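S.K.: For reference, the file run.csv (CSV, C-alpha atoms) is included below:
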```
chain,number,residue,atom,x,y,z
A,1,MET,CA,233.2,181.0,126.9
A,2,ALA,CA,232.9,180.2,123.2
A,3,GLN,CA,232.4,176.5,122.6
A,4,HIS,CA,234.9,174.8,120.4
A,5,ASN,CA,233.5,173.1,117.3
A,6,PRO,CA,235.6,170.0,116.8
A,7,GLY,CA,234.8,170.0,113.1
A,8,PRO,CA,235.1,166.9,111.0
A,9,GLN,CA,236.8,163.9,112.5
A,10,TYR,CA,239.8,162.5,110.7
A,11,GLN,CA,240.9,158.9,110.8
A,12,GLN,CA,244.4,158.4,111.8
A,13,TRP,CA,246.4,156.4,109.4
A,14,GLY,CA,249.9,155.3,109.8
A,15,PRO,CA,252.8,157.6,109.5
A,16,GLY,CA,253.2,159.1,106.2
A,17,ARG,CA,249.5,158.8,105.1
A,18,PRO,CA,247.3,161.8,104.9
A,19,GLN,CA,244.4,162.0,107.3
A,20,GLN,CA,240.9,161.4,105.7
A,21,PRO,CA,237.6,162.4,107.3
A,22,MET,CA,235.5,159.6,108.8
A,23,PRO,CA,232.2,159.0,107.2
A,24,SER,CA,229.3,160.3,109.4
A,25,ALA,CA,226.3,158.0,110.4
A,26,PRO,CA,223.5,158.1,107.8
A,27,PRO,CA,220.3,160.0,108.9
A,28,PRO,CA,217.4,157.8,110.1
A,29,LYS,CA,214.9,156.9,107.4
A,30,LYS,CA,211.3,158.1,107.6
A,31,PRO,CA,208.6,155.5,107.4
A,32,GLY,CA,207.2,155.1,103.9
A,33,ALA,CA,203.9,156.7,103.0
A,34,GLY,CA,202.6,153.3,101.7
A,35,LYS,CA,202.9,151.8,105.2
A,36,ILE,CA,201.0,154.7,106.8
A,37,ILE,CA,198.2,154.4,104.3
A,38,GLY,CA,198.0,150.6,104.8
A,39,PHE,CA,197.7,150.9,108.6
A,40,GLY,CA,195.0,153.5,108.1
A,41,CYS,CA,192.9,151.3,105.8
A,42,LEU,CA,193.2,148.4,108.3
A,43,GLY,CA,191.9,150.6,111.1
A,44,ALA,CA,188.9,151.7,109.0
A,45,VAL,CA,188.0,148.2,108.1
A,46,ALA,CA,188.2,147.0,111.7
A,47,PHE,CA,186.0,149.9,112.8
A,48,PHE,CA,183.3,149.0,110.2
A,49,VAL,CA,183.5,145.3,111.2
A,50,VAL,CA,182.9,146.3,114.9
A,51,ILE,CA,180.0,148.5,113.9
A,52,GLY,CA,178.5,145.6,111.8
A,53,VAL,CA,178.8,143.2,114.7
A,54,ILE,CA,177.0,145.6,117.1
A,55,GLY,CA,174.3,146.3,114.5
A,56,ALA,CA,173.7,142.5,114.0
A,57,ALA,CA,173.4,141.9,117.7
A,58,LEU,CA,170.8,144.7,118.1
A,59,GLY,CA,168.9,143.5,115.1
A,60,ALA,CA,168.7,139.9,116.4
A,61,GLY,CA,167.3,141.3,119.7
A,62,GLY,CA,164.7,143.3,117.8
A,63,ASP,CA,163.6,140.3,115.6
A,64,GLU,CA,163.2,138.2,118.7
A,65,SER,CA,160.8,140.6,120.3
A,66,GLU,CA,158.9,141.2,117.0
A,67,GLY,CA,158.4,137.4,116.5
A,68,LYS,CA,156.5,137.0,119.7
A,69,PRO,CA,152.7,137.5,119.5
A,70,PRO,CA,151.3,140.5,121.4
A,71,ALA,CA,149.9,139.7,124.7
A,72,SER,CA,146.2,140.0,124.9
A,73,SER,CA,145.1,142.8,127.2
A,74,ALA,CA,141.5,141.6,127.5
A,75,PRO,CA,140.9,139.6,130.7
A,76,LYS,CA,139.7,136.1,130.2
A,77,GLN,CA,136.3,135.2,131.6
A,78,PRO,CA,135.4,131.8,133.1
A,79,GLY,CA,134.4,129.4,130.3
A,80,GLY,CA,137.1,130.5,127.8
A,81,GLY,CA,135.6,133.7,126.7
A,82,GLU,CA,137.8,136.8,126.5
A,83,GLY,CA,136.4,140.1,127.8
A,84,LYS,CA,132.9,141.2,127.3
A,85,GLY,CA,131.0,139.6,124.4
A,86,GLY,CA,133.0,136.4,124.3
A,87,LYS,CA,131.4,133.4,122.7
A,88,ASP,CA,131.6,131.3,125.8
A,89,GLU,CA,130.6,134.0,128.2
A,90,GLU,CA,128.0,132.7,130.6
A,91,LYS,CA,124.7,134.6,130.5
A,92,PRO,CA,123.3,135.6,133.9
A,93,ARG,CA,121.0,133.0,135.2
A,94,GLU,CA,117.4,134.2,135.4
A,95,GLU,CA,115.7,133.5,138.6
A,96,PRO,CA,112.3,131.8,138.2
A,97,GLU,CA,109.4,134.1,139.0
A,98,GLU,CA,107.4,133.2,142.0
A,99,GLU,CA,103.9,132.3,141.2
A,100,ALA,CA,101.3,134.5,142.8
A,101,PRO,CA,99.1,132.6,145.3
A,102,ALA,CA,95.6,131.6,144.2
A,103,PRO,CA,92.9,134.0,145.4
A,104,ILE,CA,91.2,131.2,147.3
A,105,ARG,CA,93.0,128.3,148.8
A,106,ILE,CA,91.5,125.4,150.7
A,107,THR,CA,92.9,122.3,152.5
A,108,ALA,CA,91.1,119.2,153.6
A,109,GLU,CA,91.9,116.3,155.9
A,110,THR,CA,90.0,113.4,157.5
A,111,THR,CA,88.6,113.7,161.0
A,112,ASP,CA,86.3,112.0,163.3
A,113,PHE,CA,82.6,112.6,163.3
A,114,ARG,CA,81.2,114.4,166.4
A,115,PRO,CA,77.4,114.2,166.1
A,116,THR,CA,74.9,116.8,167.3
A,117,VAL,CA,71.5,116.0,168.8
A,118,LEU,CA,70.0,116.4,165.3
A,119,THR,CA,71.7,113.3,163.8
A,120,ASP,CA,69.6,110.8,165.7
A,121,GLY,CA,72.3,108.1,165.7
A,122,GLU,CA,72.7,107.9,161.9
A,123,GLU,CA,76.2,107.2,160.2
A,124,HIS,CA,78.0,110.3,158.9
A,125,THR,CA,81.4,111.2,157.5
A,126,SER,CA,83.1,114.5,158.4
A,127,VAL,CA,86.1,116.3,156.7
A,128,LEU,CA,88.0,119.1,158.3
A,129,VAL,CA,88.5,122.0,155.8
A,130,THR,CA,90.3,125.4,155.9
A,131,VAL,CA,89.5,128.3,153.5
A,132,VAL,CA,92.0,131.1,153.0
A,133,ASN,CA,91.3,134.3,151.1
A,134,ASN,CA,94.5,135.5,149.3
A,135,GLY,CA,92.7,137.8,146.9
A,136,ALA,CA,91.5,141.4,147.1
A,137,GLU,CA,87.8,140.6,146.9
A,138,LYS,CA,85.9,139.2,149.8
A,139,VAL,CA,85.0,135.5,149.9
A,140,ASP,CA,81.6,134.2,151.2
A,141,VAL,CA,81.9,130.9,153.1
A,142,ASN,CA,78.8,128.7,153.8
A,143,PRO,CA,78.5,124.9,154.5
A,144,LEU,CA,76.2,124.6,151.5
A,145,TYR,CA,78.9,125.9,149.2
A,146,PHE,CA,80.8,122.5,149.7
A,147,ASP,CA,80.4,119.0,148.3
A,148,VAL,CA,82.4,115.8,148.9
A,149,THR,CA,83.5,113.2,146.3
A,150,ALA,CA,84.1,109.7,147.5
A,151,ALA,CA,86.9,107.4,146.3
A,152,ASP,CA,84.4,105.5,144.1
A,153,GLY,CA,83.5,108.8,142.3
A,154,SER,CA,80.2,109.3,144.1
A,155,LYS,CA,79.4,113.0,144.9
A,156,TYR,CA,77.7,113.9,148.2
A,157,ASP,CA,76.0,117.1,149.4
A,158,VAL,CA,76.7,118.5,152.9
A,159,GLU,CA,74.3,117.7,155.8
A,160,LEU,CA,73.7,120.8,157.9
A,161,ALA,CA,74.1,120.8,161.7
A,162,ALA,CA,75.3,117.2,161.6
A,163,ASP,CA,78.7,117.8,163.2
A,164,GLU,CA,79.2,120.1,166.2
A,165,ARG,CA,82.3,121.6,164.6
A,166,GLN,CA,80.6,122.6,161.3
A,167,ILE,CA,82.3,125.4,159.4
A,168,ASP,CA,80.8,128.9,160.0
A,169,THR,CA,79.0,131.0,157.5
A,170,VAL,CA,81.3,134.0,157.3
A,171,GLU,CA,82.7,136.6,154.9
A,172,LEU,CA,86.5,136.5,154.6
A,173,ALA,CA,88.5,139.7,153.8
A,174,ARG,CA,91.9,139.5,152.3
A,175,GLY,CA,94.3,137.4,154.4
A,176,GLU,CA,91.6,135.9,156.6
A,177,LYS,CA,90.8,132.2,156.9
A,178,VAL,CA,88.2,129.9,158.6
A,179,THR,CA,88.4,126.3,159.6
A,180,GLY,CA,85.5,123.8,160.3
A,181,THR,CA,84.0,120.5,159.3
A,182,VAL,CA,81.7,119.6,156.3
A,183,THR,CA,79.7,116.4,156.9
A,184,VAL,CA,77.9,114.0,154.5
A,185,GLU,CA,75.4,111.3,155.3
A,186,GLY,CA,76.8,107.7,155.3
A,187,GLU,CA,80.1,106.2,156.0
A,188,ILE,CA,82.3,106.8,152.9
A,189,GLU,CA,86.0,107.2,152.0
A,190,PRO,CA,86.3,110.9,151.1
A,191,ARG,CA,88.7,111.7,148.2
A,192,THR,CA,88.2,115.4,147.4
A,193,VAL,CA,86.3,118.5,148.7
A,194,THR,CA,85.1,121.2,146.3
A,195,PHE,CA,84.3,124.8,147.4
A,196,THR,CA,82.4,127.3,145.3
A,197,ASN,CA,82.7,131.0,146.1
A,198,GLY,CA,79.0,132.0,146.3
A,199,LEU,CA,76.4,130.4,144.1
A,200,PHE,CA,78.0,131.3,140.8
A,201,GLY,CA,81.6,132.0,141.8
A,202,ASP,CA,84.9,130.1,141.0
A,203,SER,CA,85.3,126.6,142.4
A,204,VAL,CA,88.4,125.4,144.2
A,205,ARG,CA,89.1,121.7,144.9
A,206,ALA,CA,91.4,120.1,147.4
A,207,ASP,CA,92.4,116.4,148.0
A,208,VAL,CA,91.6,115.0,151.3
A,209,GLY,CA,94.8,114.2,153.2
```
Mind turning this structure into structure tokens?

M.R.:
Amino acid sequence: MAQHNPGPQYQQWGPGRPQQPMPSAPPPKKPGAGKIIGFGCLGAVAFFVVIGVIGAALGAGGDESEGKPPASSAPKQPGGGEGKGGKDEEKPREEPEEEAPAPIRITAETTDFRPTVLTDGEEHTSVLVTVVNNGAEKVDVNPLYFDVTAADGSKYDVELAADERQIDTVELARGEKVTGTVTVEGEIEPRTVTFTNGLFGDSVRADVG
């Protein structure tokens, strides 16, 4: 069916007055262009403000890390030195070199006198000595190669065959040793014993213990 268009509405007046059309409602007004532009500008300003705040926060974090001194990667050594070549780095302690033993070593100590039949009851003093060969060359040992010095500085030659434990006449190779007595005439206080390697060799002296 065809729809009926009611057409313009007329206001009813009292009897005898002509009917007049009723005014229609005004169309809605569109928002002004000025308001749209204003809202757009405010949004852009707020966007840039937010970007500025984020950038400032990131910049503050970067400055904080840049202000700290870089950590040293070199390990610290005892004494305050850092790494190799530090000023306070301790130098390795050098062990003292052991002294090589003397080629000939002798020791001497007091002992009792044990007379032989050749002493004939005379007073004698004996010293027990040990001779050690630490050198490569052989050492000749003989009772006549010894002499004894008393506490008062007097020097005495050895009496042969006076003590039954007299030191032997031997030739010592490296590492060998010999022990025996050397005896002087008289009763003295022996202080040192001197041994000479051969007639013209080196002399070695030992205190009497």

S.K.: With only C-alpha atoms as the atoms that count, which of A:Gly153, A:Gln166, A:Thr196, A:Asp112 lies nearest to His124 (chain A)?

M.R.: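 Looking only at the distances to His124 (chain A), the closest residue turns out to be A:Asp112.
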
S.K.: Would you mind listing what lies within 8 Å of Asn142 (chain A) as an mmCIF file with C-alpha atoms, in the coordinates of the input, with only C-alpha atoms counted and same-chain residues fewer than 6 positions away left out?

M.R.:
```
data_model
loop_
_atom_site.group_PDB
_atom_site.id
_atom_site.type_symbol
_atom_site.label_atom_id
_atom_site.label_comp_id
_atom_site.auth_asym_id
_atom_site.auth_seq_id
_atom_site.Cartn_x
_atom_site.Cartn_y
_atom_site.Cartn_z
ATOM 1 C CA ILE A 167 82.300 125.400 159.400
ATOM 2 C CA ASP A 168 80.800 128.900 160.000
ATOM 3 C CA THR A 169 79.000 131.000 157.500
ATOM 4 C CA VAL A 170 81.300 134.000 157.300
#
```

S.K.: Rounded to one decimal, what separation in Å do you get between CA of Tyr145 (chain A) and CA of Asn197 (chain A)?

M.R.: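 It comes out at 7.1 Å.
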
S.K.: Find the residues around Asp147 (chain A) up to 10 Å (all atoms listed in the file counted), leave out those fewer than 6 positions away in its own chain, and share them as a list in words.

M.R.: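 The filter keeps Lys155, Tyr156, Asp157, Val158, Glu159, Val182, Thr183, Val184, Thr192, Val193, Thr194, Phe195, Thr196 and Arg205 of chain A.
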
S.K.: Mind dumping the selected residues with C-alpha atoms as a compact mmCIF listing (two decimals), in the coordinates of the input?

M.R.:
```txt
# COMPACT_ATOMS: atom_id res chain seq x y z
CA LYS A 155 79.40 113.00 144.90
CA TYR A 156 77.70 113.90 148.20
CA ASP A 157 76.00 117.10 149.40
CA VAL A 158 76.70 118.50 152.90
CA GLU A 159 74.30 117.70 155.80
CA VAL A 182 81.70 119.60 156.30
CA THR A 183 79.70 116.40 156.90
CA VAL A 184 77.90 114.00 154.50
CA THR A 192 88.20 115.40 147.40
CA VAL A 193 86.30 118.50 148.70
CA THR A 194 85.10 121.20 146.30
CA PHE A 195 84.30 124.80 147.40
CA THR A 196 82.40 127.30 145.30
CA ARG A 205 89.10 121.70 144.90
```

S.K.: What is the CA of Arg191 (chain A)-CA of Leu128 (chain A) distance in Å, reported with one decimal?

M.R.: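 Value for the CA of Arg191 (chain A)-CA of Leu128 (chain A) distance: 12.5 Å.
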
S.K.: Under the rule that only C-alpha atoms are counted, which of A:Ala161, A:Glu187, A:Val132, A:Ile106 is the nearest residue to Leu144 (chain A)?

M.R.: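 The shortest atom-to-atom distance to Leu144 (chain A) comes from A:Ala161.
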
S.K.: Just give me the residues with any atom within 9 Å of (87.6, 110.8, 152.7), file coordinates, counting only C-alpha atoms, written as a tab-separated table (two decimals) with C-alpha atoms, keeping the file's coordinate frame.

M.R.:
```
chain	number	residue	atom	x	y	z
A	109	GLU	CA	91.90	116.30	155.90
A	110	THR	CA	90.00	113.40	157.50
A	111	THR	CA	88.60	113.70	161.00
A	125	THR	CA	81.40	111.20	157.50
A	126	SER	CA	83.10	114.50	158.40
A	127	VAL	CA	86.10	116.30	156.70
A	148	VAL	CA	82.40	115.80	148.90
A	149	THR	CA	83.50	113.20	146.30
A	150	ALA	CA	84.10	109.70	147.50
A	151	ALA	CA	86.90	107.40	146.30
A	188	ILE	CA	82.30	106.80	152.90
A	189	GLU	CA	86.00	107.20	152.00
A	190	PRO	CA	86.30	110.90	151.10
A	191	ARG	CA	88.70	111.70	148.20
A	192	THR	CA	88.20	115.40	147.40
A	193	VAL	CA	86.30	118.50	148.70
A	207	ASP	CA	92.40	116.40	148.00
A	208	VAL	CA	91.60	115.00	151.30
A	209	GLY	CA	94.80	114.20	153.20
```

S.K.: Work out how far CA of Val141 (chain A) is from CA of Thr119 (chain A), in Å to one decimal.

M.R.: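 Separating CA of Thr119 (chain A) from CA of Val141 (chain A) is a distance of 23.0 Å.
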
S.K.: Excluding Glu137 (chain A) and its own-chain neighbours fewer than 3 positions away, which residues fall within 9 Å of it when counting only C-alpha atoms? Please give them as an MDAnalysis selection string.

M.R.: chainID A and resid 103 133:134 172:174
